[in-house]
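Accompanying notes for the structure given below.
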Amino acid sequence: MGVITVDELAVHGGPPVRTKPWVSKYMGSEELGAEEKARVMRVLEKKRIFRYLPTGIESSEASALEEEYKAFLGTDYALAVNSGTSALICALIAAGVGPGHEVIIPAYTWVATAAAAAIVGAVPVLAEVDSSLTLDPRDVEAKITPRTKAVIVVHMRGISADMNEIMSIASRHNLMVIEDVAQANGGTYQGKMLGSIGHLGCFSLQQSKVITAGEGGMLVTNSQELWERAALYHDGAGYQFRFMERTIPAFPGQNYRLTELQAALSLGQLGKMPALLEKTRRNKQKLVERLKKQPKIELSPVFGTERDLGVSLVLYVENAEKAKAAAQALTAEGIQAFQVYDAESKDQHVYVNWEFLMAKRDPWGGSYPWSLAAESTVDYSPESCPFTLELLGRAVQIHLNHLVNDEDLKDIEEALDKVAFHLL
Ligand SMILES: *Cc1c(COP(=O)(O)O)cnc(C)c1O
């Protein structure tokens, strides 16, 4: 007949579950070491830091990185670029997206997804996410108009979107599918590598992602034509440097090329990724198994499955007030947590904070591309995606990485039980 005693919450002056700081929010950069150092030093010693060496492209680090990505994902083509944002812009251009088109994007993604569509002159159209944190296929279908040209499906927080549904909707409506894999590098969906399922896949190598070169990106596709178009846009001088036998007509391009230093660093990181993800996946499965027993917390059915890389933990509680209080209380217990949509923060992952979009503002003081489409009724307001806002408001997030050990998992569980007992 033991009486269960639960300590006072740390946020109310009780003893915290842990005093050690929570794990870093970084992954690949925590593992930078001898391998990357040697690869970068070799590039410095060669004194060739631009990918198009006089000896040809085949010997460059950037080409080697493209080859590794192709082998890793099983795609026919890969293009190294200087960021995830530029990969998205190149993918949209490759897909023929431009003025007069609409691009469906999730209401929860990094702002770059929305900006990339607007930058190529297309109108971003917001669709709801479901509890998986990825596009709700039903809302994608509801948002299709005769102007819809493409969908950017984002594998958010390491969770794969429902690709079967998205691909079948896209094929019924003749839409291009661009996968934004910036947050789920190395993930799979029904055994297929993310990025290889849609018409084009885009990756980021920025420091917050699974592996990193500080900045960098990759675009993959199985289509020669899409690859040529992306390659031409990523390098306006591609005629001279690369395109010996171009099969597409010329158009102006940017310079989104990756340096040899970044490519060498990325090659060192790529080899380390499988081991990192094996750890995060295993941790997340254990954690989800245990947290399923906590009745005050809701989890998506896809959490802890193949569709989950395990790089974050998101919990749904009853309402936004409880989420905010729980995030503060967990942080005080030593488990750094935050409310995913906090009306007082300017987090650029949530559509209401994409200021240019809400105001339909272009870089020149006007309203391009929204002003182009007289018939366009696309309107943005905090009410555009009410389900997403409500869901993210009652969502609490904790960063996970490969450094999380069994003791850390126990601390999460203990802190959550404590917080649930007092607050949820
Ligand atoms: C980081 C990120 C991007 C942009 O990548 P950068 O390399 O920072 O330009 C795009 N989409 C999502 C979902 C991201 O998380």
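Starting from 1 in every chain, residues are counted up; chains themselves are A, B, ... following the order of the structure tokens, and ligands are numbered from 1 as listed.
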| query | Could you pull the residues within 10 Å of Trp370 of chain A, counting only C-alpha atoms, minus those fewer than 5 positions along the same chain, as a PyMOL selection string? | reply | chain A and resi 99-100+118+121-124+357+360-362+375-379
Keeping only all heavy atoms, write those residues as a compact mmCIF listing (two decimals), in the first residue's frame.
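Saved the output as part-v5.txt:
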```txt
# COMPACT_ATOMS: atom_id res chain seq x y z
N PRO A 99 6.03 32.08 -62.93
CA PRO A 99 4.89 32.99 -62.87
C PRO A 99 3.61 32.35 -63.42
O PRO A 99 3.65 31.66 -64.44
CB PRO A 99 5.34 34.17 -63.74
CG PRO A 99 6.84 34.14 -63.66
CD PRO A 99 7.20 32.69 -63.58
N GLY A 100 2.51 32.58 -62.72
CA GLY A 100 1.23 32.00 -63.14
C GLY A 100 0.93 30.66 -62.49
O GLY A 100 -0.15 30.13 -62.63
N ALA A 118 8.13 31.64 -53.96
CA ALA A 118 7.89 33.04 -54.31
C ALA A 118 9.03 33.60 -55.16
O ALA A 118 8.80 34.37 -56.10
CB ALA A 118 7.70 33.87 -53.04
N GLY A 121 8.77 33.13 -58.70
CA GLY A 121 7.62 33.81 -59.29
C GLY A 121 6.31 33.05 -59.17
O GLY A 121 5.32 33.40 -59.81
N ALA A 122 6.29 32.00 -58.34
CA ALA A 122 5.06 31.23 -58.15
C ALA A 122 4.41 31.61 -56.82
O ALA A 122 5.07 32.14 -55.93
CB ALA A 122 5.36 29.74 -58.19
N VAL A 123 3.12 31.33 -56.71
CA VAL A 123 2.38 31.66 -55.49
C VAL A 123 2.37 30.44 -54.56
O VAL A 123 1.86 29.38 -54.95
CB VAL A 123 0.93 32.08 -55.85
CG1 VAL A 123 0.07 32.17 -54.62
CG2 VAL A 123 0.95 33.41 -56.60
N PRO A 124 2.95 30.57 -53.36
CA PRO A 124 2.87 29.45 -52.42
C PRO A 124 1.44 29.32 -51.86
O PRO A 124 0.84 30.33 -51.49
CB PRO A 124 3.83 29.85 -51.28
CG PRO A 124 4.54 31.08 -51.75
CD PRO A 124 3.70 31.72 -52.80
N LEU A 357 5.08 36.61 -46.55
CA LEU A 357 3.95 35.88 -47.13
C LEU A 357 2.63 36.47 -46.63
O LEU A 357 1.72 36.72 -47.42
CB LEU A 357 4.04 34.40 -46.78
CG LEU A 357 3.13 33.49 -47.61
CD1 LEU A 357 3.71 33.29 -49.01
CD2 LEU A 357 2.92 32.15 -46.94
N LYS A 360 2.20 39.48 -48.44
CA LYS A 360 2.39 39.34 -49.90
C LYS A 360 3.40 40.38 -50.41
O LYS A 360 3.11 41.16 -51.32
CB LYS A 360 1.06 39.53 -50.64
CG LYS A 360 0.02 38.45 -50.36
CD LYS A 360 -1.19 38.63 -51.26
CE LYS A 360 -2.17 37.48 -51.11
NZ LYS A 360 -3.38 37.67 -51.91
N ARG A 361 4.56 40.41 -49.79
CA ARG A 361 5.53 41.45 -50.11
C ARG A 361 6.71 40.88 -50.89
O ARG A 361 7.27 39.84 -50.52
CB ARG A 361 6.02 42.10 -48.81
CG ARG A 361 6.65 43.47 -49.05
CD ARG A 361 7.12 44.12 -47.75
NE ARG A 361 6.05 44.34 -46.80
CZ ARG A 361 6.06 43.86 -45.55
NH1 ARG A 361 7.08 43.15 -45.10
NH2 ARG A 361 5.06 44.11 -44.74
N ASP A 362 7.13 41.60 -51.95
CA ASP A 362 8.30 41.19 -52.73
C ASP A 362 9.50 42.04 -52.31
O ASP A 362 9.37 42.96 -51.51
CB ASP A 362 7.98 41.29 -54.24
CG ASP A 362 7.80 42.71 -54.74
OD1 ASP A 362 8.38 43.64 -54.13
OD2 ASP A 362 7.09 42.90 -55.73
N GLU A 375 -6.61 36.87 -61.06
CA GLU A 375 -7.70 35.94 -60.70
C GLU A 375 -7.38 35.12 -59.46
O GLU A 375 -8.21 34.37 -58.96
CB GLU A 375 -8.02 35.03 -61.89
CG GLU A 375 -6.98 34.00 -62.21
CD GLU A 375 -5.90 34.50 -63.17
OE1 GLU A 375 -5.37 35.63 -63.02
OE2 GLU A 375 -5.57 33.75 -64.07
N SER A 376 -6.13 35.26 -58.98
CA SER A 376 -5.75 34.45 -57.83
C SER A 376 -6.47 34.93 -56.57
O SER A 376 -6.48 36.11 -56.24
CB SER A 376 -4.25 34.54 -57.59
OG SER A 376 -3.94 33.86 -56.39
N THR A 377 -7.06 33.98 -55.89
CA THR A 377 -7.77 34.33 -54.66
C THR A 377 -6.97 33.90 -53.45
O THR A 377 -7.48 33.89 -52.34
CB THR A 377 -9.15 33.65 -54.63
OG1 THR A 377 -8.94 32.24 -54.83
CG2 THR A 377 -10.07 34.20 -55.70
N VAL A 378 -5.70 33.55 -53.68
CA VAL A 378 -4.90 33.06 -52.55
C VAL A 378 -4.76 34.15 -51.50
O VAL A 378 -4.36 35.28 -51.80
CB VAL A 378 -3.50 32.61 -53.02
CG1 VAL A 378 -2.66 32.14 -51.85
CG2 VAL A 378 -3.64 31.49 -54.05
N ASP A 379 -5.12 33.80 -50.29
CA ASP A 379 -5.13 34.77 -49.21
C ASP A 379 -4.41 34.14 -48.01
O ASP A 379 -4.52 32.94 -47.80
CB ASP A 379 -6.59 35.09 -48.86
CG ASP A 379 -6.69 36.40 -48.11
OD1 ASP A 379 -5.74 37.21 -48.21
OD2 ASP A 379 -7.68 36.59 -47.40
```
| message | Give me, as number ranges by chain, the set of residues whose atoms come within 6 Å of any atom of ligand 1, counting only C-alpha atoms and all ligand atoms. | response | A: 83-85, 109-110, 112-113, 154, 180, 182-183, 204-206, 215-217
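Using only C-alpha atoms, the nearest neighbour of Cys385 of chain A within the list A:Ala150, A:Ile166, A:Leu194, A:Leu135 is A:Leu135.
Among A:Arg290, A:Lys272, A:Arg18, A:Lys284, the residue with the shortest atom-to-atom distance to Val302 of chain A, counting only C-alpha atoms, is A:Lys284.
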| request: Please return as a PyMOL selection string: the residues of segment 31-253 of chain A that backbone DSSP assigns to strand (DSSP E or B). | output: chain A and resi 53+56+77-81+102-106+108+123-127+129+135+148-154+159+176-180+188-189+192-193+200-204+206+214+217-221+235
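Nearest-residue note for Met163 of chain A: choosing from A:Ile197, A:Ala184, A:Val396, A:Met273, the minimum distance belongs to A:Ile197, counting only C-alpha atoms.
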| task | Give me the residues within 12 Å of Leu409 of chain A as a PyMOL selection string, counting only C-alpha atoms and dropping any in the same chain fewer than 3 places off. | result | chain A and resi 17-18+22-23+280+282-291+313+335+398-406+412-416
| Residues of segment 235-399 of chain A in helix (DSSP H, G or I) according to DSSP, as a VMD selection string? | chain A and resid 238 to 241 260 to 270 273 to 291 320 to 332 351 to 353 355 to 358 386 to 393
Would you save the residues of that selection, restricted to C-alpha atoms, as a short mmCIF file (atom, residue, chain, number, x, y, z; two decimals), in the first residue's frame?
```cif
data_model
loop_
_atom_site.label_atom_id
_atom_site.label_comp_id
_atom_site.auth_asym_id
_atom_site.auth_seq_id
_atom_site.Cartn_x
_atom_site.Cartn_y
_atom_site.Cartn_z
CA GLY A 238 27.61 26.00 -67.05
CA TYR A 239 28.09 26.16 -70.82
CA GLN A 240 31.74 26.80 -70.37
CA PHE A 241 32.52 24.82 -67.24
CA GLU A 260 35.68 21.89 -52.83
CA LEU A 261 36.21 22.49 -49.10
CA GLN A 262 32.52 22.03 -48.38
CA ALA A 263 32.34 18.99 -50.64
CA ALA A 264 35.35 17.36 -48.94
CA LEU A 265 33.86 18.04 -45.52
CA SER A 266 30.51 16.59 -46.64
CA LEU A 267 32.19 13.44 -47.92
CA GLY A 268 33.68 12.89 -44.47
CA GLN A 269 30.25 13.42 -42.88
CA LEU A 270 28.29 11.22 -45.27
CA MET A 273 25.48 9.24 -41.16
CA PRO A 274 24.24 5.62 -41.03
CA ALA A 275 25.74 5.06 -37.57
CA LEU A 276 24.23 8.33 -36.25
CA LEU A 277 20.79 7.44 -37.56
CA GLU A 278 20.92 3.90 -36.25
CA LYS A 279 21.32 5.39 -32.77
CA THR A 280 18.61 8.04 -33.13
CA ARG A 281 16.12 5.52 -34.56
CA ARG A 282 16.76 2.99 -31.81
CA ASN A 283 16.48 5.64 -29.07
CA LYS A 284 13.24 6.99 -30.47
CA GLN A 285 11.66 3.53 -30.69
CA LYS A 286 12.50 2.88 -27.04
CA LEU A 287 11.21 6.27 -26.02
CA VAL A 288 7.93 5.99 -27.92
CA GLU A 289 7.32 2.51 -26.44
CA ARG A 290 7.69 3.94 -22.94
CA LEU A 291 5.76 7.17 -23.53
CA ALA A 320 -1.75 25.37 -25.78
CA GLU A 321 -1.68 26.61 -22.17
CA LYS A 322 -0.70 23.16 -20.95
CA ALA A 323 1.91 22.88 -23.72
CA LYS A 324 3.53 26.15 -22.72
CA ALA A 325 3.53 25.25 -19.02
CA ALA A 326 4.84 21.74 -19.76
CA ALA A 327 7.68 23.09 -21.93
CA GLN A 328 8.74 25.49 -19.17
CA ALA A 329 8.46 22.82 -16.50
CA LEU A 330 10.43 20.26 -18.54
CA THR A 331 13.17 22.81 -19.19
CA ALA A 332 13.36 23.49 -15.46
CA TYR A 351 3.48 30.03 -41.46
CA VAL A 352 2.02 32.87 -39.39
CA ASN A 353 5.58 34.13 -38.84
CA GLU A 355 6.04 37.99 -42.60
CA PHE A 356 6.58 38.49 -46.36
CA LEU A 357 3.95 35.88 -47.13
CA MET A 358 1.34 37.24 -44.74
CA PRO A 386 -6.35 26.51 -38.29
CA PHE A 387 -5.75 22.81 -37.70
CA THR A 388 -1.97 23.22 -38.04
CA LEU A 389 -1.92 26.17 -35.66
CA GLU A 390 -4.04 24.37 -33.07
CA LEU A 391 -1.92 21.21 -33.38
CA LEU A 392 1.43 23.03 -33.10
CA GLY A 393 0.11 25.14 -30.23
#
```
| query | Any idea what's packed within 10 Å of segment 64-77 of chain A, counting only C-alpha atoms, ignoring anything in its chain fewer than 3 positions away? Could you give it as a PyMOL selection string? | reply | chain A and resi 57-61+80-81+186-188+192-197+200-201+218-224+226-228+260+262-268+270-271
Put those residues in a file: C-alpha atoms, as an mmCIF file, in the first residue's frame.
```cif
data_model
loop_
_atom_site.group_PDB
_atom_site.id
_atom_site.type_symbol
_atom_site.label_atom_id
_atom_site.label_comp_id
_atom_site.auth_asym_id
_atom_site.auth_seq_id
_atom_site.Cartn_x
_atom_site.Cartn_y
_atom_site.Cartn_z
ATOM 1 C CA ILE A 57 35.240 17.624 -63.303
ATOM 2 C CA GLU A 58 35.687 13.944 -62.595
ATOM 3 C CA SER A 59 38.484 14.409 -60.113
ATOM 4 C CA SER A 60 36.731 17.047 -58.040
ATOM 5 C CA GLU A 61 35.435 16.563 -54.499
ATOM 6 C CA ALA A 80 25.816 19.617 -55.378
ATOM 7 C CA VAL A 81 24.673 23.154 -54.514
ATOM 8 C CA GLY A 186 19.051 9.509 -44.649
ATOM 9 C CA GLY A 187 15.388 8.749 -43.960
ATOM 10 C CA THR A 188 13.268 6.134 -45.700
ATOM 11 C CA LYS A 192 12.790 3.817 -50.379
ATOM 12 C CA MET A 193 15.263 6.594 -49.657
ATOM 13 C CA LEU A 194 13.653 9.990 -49.072
ATOM 14 C CA GLY A 195 14.441 12.334 -51.939
ATOM 15 C CA SER A 196 14.306 9.496 -54.485
ATOM 16 C CA ILE A 197 10.504 9.123 -54.506
ATOM 17 C CA LEU A 200 13.167 15.893 -57.439
ATOM 18 C CA GLY A 201 14.701 15.707 -53.960
ATOM 19 C CA MET A 218 22.176 18.543 -52.828
ATOM 20 C CA LEU A 219 19.532 18.027 -55.486
ATOM 21 C CA VAL A 220 18.696 14.567 -56.825
ATOM 22 C CA THR A 221 16.462 13.271 -59.624
ATOM 23 C CA ASN A 222 16.083 10.371 -62.044
ATOM 24 C CA SER A 223 15.408 12.645 -65.013
ATOM 25 C CA GLN A 224 18.215 13.816 -67.270
ATOM 26 C CA LEU A 226 15.342 17.915 -64.865
ATOM 27 C CA TRP A 227 18.990 17.505 -63.899
ATOM 28 C CA GLU A 228 20.212 19.549 -66.862
ATOM 29 C CA GLU A 260 35.679 21.886 -52.831
ATOM 30 C CA GLN A 262 32.516 22.025 -48.384
ATOM 31 C CA ALA A 263 32.344 18.986 -50.645
ATOM 32 C CA ALA A 264 35.352 17.362 -48.939
ATOM 33 C CA LEU A 265 33.857 18.035 -45.524
ATOM 34 C CA SER A 266 30.507 16.593 -46.637
ATOM 35 C CA LEU A 267 32.189 13.436 -47.924
ATOM 36 C CA GLY A 268 33.676 12.894 -44.473
ATOM 37 C CA LEU A 270 28.289 11.219 -45.267
ATOM 38 C CA GLY A 271 30.131 8.082 -44.170
#
```
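The nearest approach to Ala230 of chain A among the residues A:Gly28, A:Pro252, A:Gly310, A:Pro146, with only C-alpha atoms taken into account, belongs to A:Pro252.
We find atom CA of Cys202 of chain A and atom CA of Ala142 of chain A to be spaced 24.9 Å apart.
Nearest to Arg246 of chain A of all the residues A:Leu232, A:Met176, A:Leu258, A:Leu92 is A:Leu232, counting only C-alpha atoms.
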| said: Need the shell around His234 of chain A: protein/DNA/RNA residues with any atom at most 9 Å away, counting only C-alpha atoms. Skip same-chain ones fewer than 3 positions apart. Format as an MDAnalysis selection string? | reply: chainID A and resid 79 81 86:87 89:90 229:231 238 253:257
Output N, CA, C and O atoms for every residue in the selection just made, as a tab-separated table (two decimals), in the first residue's frame.
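As written to disk, part.tsv reads:
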```tsv
chain	number	residue	atom	x	y	z
A	79	LEU	N	23.13	16.79	-57.95
A	79	LEU	CA	23.78	18.09	-58.20
A	79	LEU	C	24.11	18.73	-56.87
A	79	LEU	O	23.21	19.04	-56.07
A	81	VAL	N	24.94	21.71	-54.51
A	81	VAL	CA	24.67	23.15	-54.51
A	81	VAL	C	25.10	23.74	-53.18
A	81	VAL	O	25.52	23.01	-52.28
A	86	SER	N	18.94	26.91	-52.16
A	86	SER	CA	19.24	26.94	-53.59
A	86	SER	C	18.86	25.62	-54.25
A	86	SER	O	18.45	25.62	-55.42
A	87	ALA	N	18.92	24.51	-53.53
A	87	ALA	CA	18.45	23.23	-54.09
A	87	ALA	C	16.95	23.33	-54.43
A	87	ALA	O	16.51	22.90	-55.50
A	89	ILE	N	15.20	26.09	-55.03
A	89	ILE	CA	15.01	27.04	-56.14
A	89	ILE	C	15.34	26.33	-57.47
A	89	ILE	O	14.58	26.42	-58.44
A	90	CYS	N	16.46	25.61	-57.49
A	90	CYS	CA	16.84	24.88	-58.71
A	90	CYS	C	15.79	23.81	-59.06
A	90	CYS	O	15.48	23.61	-60.24
A	229	ARG	N	18.35	21.01	-66.40
A	229	ARG	CA	17.75	22.32	-66.11
A	229	ARG	C	18.24	22.85	-64.75
A	229	ARG	O	18.57	24.04	-64.62
A	230	ALA	N	18.28	21.96	-63.76
A	230	ALA	CA	18.76	22.37	-62.43
A	230	ALA	C	20.23	22.78	-62.51
A	230	ALA	O	20.65	23.80	-61.93
A	231	ALA	N	21.03	22.01	-63.25
A	231	ALA	CA	22.47	22.29	-63.35
A	231	ALA	C	22.70	23.63	-64.04
A	231	ALA	O	23.57	24.41	-63.63
A	238	GLY	N	27.53	27.45	-66.83
A	238	GLY	CA	27.61	26.00	-67.05
A	238	GLY	C	28.01	25.62	-68.46
A	238	GLY	O	28.60	24.56	-68.66
A	253	GLY	N	21.24	31.66	-65.54
A	253	GLY	CA	21.36	30.93	-64.29
A	253	GLY	C	21.99	31.77	-63.20
A	253	GLY	O	22.38	32.92	-63.41
A	254	GLN	N	22.10	31.18	-62.02
A	254	GLN	CA	22.72	31.84	-60.86
A	254	GLN	C	24.12	31.26	-60.67
A	254	GLN	O	24.61	30.54	-61.52
A	255	ASN	N	24.73	31.54	-59.51
A	255	ASN	CA	25.88	30.77	-59.09
A	255	ASN	C	25.60	30.19	-57.72
A	255	ASN	O	25.68	30.88	-56.70
A	256	TYR	N	25.21	28.93	-57.72
A	256	TYR	CA	24.93	28.20	-56.48
A	256	TYR	C	25.91	27.05	-56.32
A	256	TYR	O	25.58	26.02	-55.75
A	257	ARG	N	27.13	27.20	-56.88
A	257	ARG	CA	28.08	26.10	-56.84
A	257	ARG	C	28.62	25.85	-55.43
A	257	ARG	O	28.74	26.77	-54.63
```
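One finds atom CA of Val419 of chain A at 9.5 Å from atom CA of Glu8 of chain A.
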| said: Applying 9 Å and only C-alpha atoms, which residues near Pro301 of chain A remain after dropping the ones on its own chain fewer than 4 positions away? List them as a VMD selection string. | reply: chain A and resid 131 to 132 305
| note | As a check of understanding: the span from atom CA of Asn164 of chain A to atom CA of Thr134 of chain A is 13.1 Å
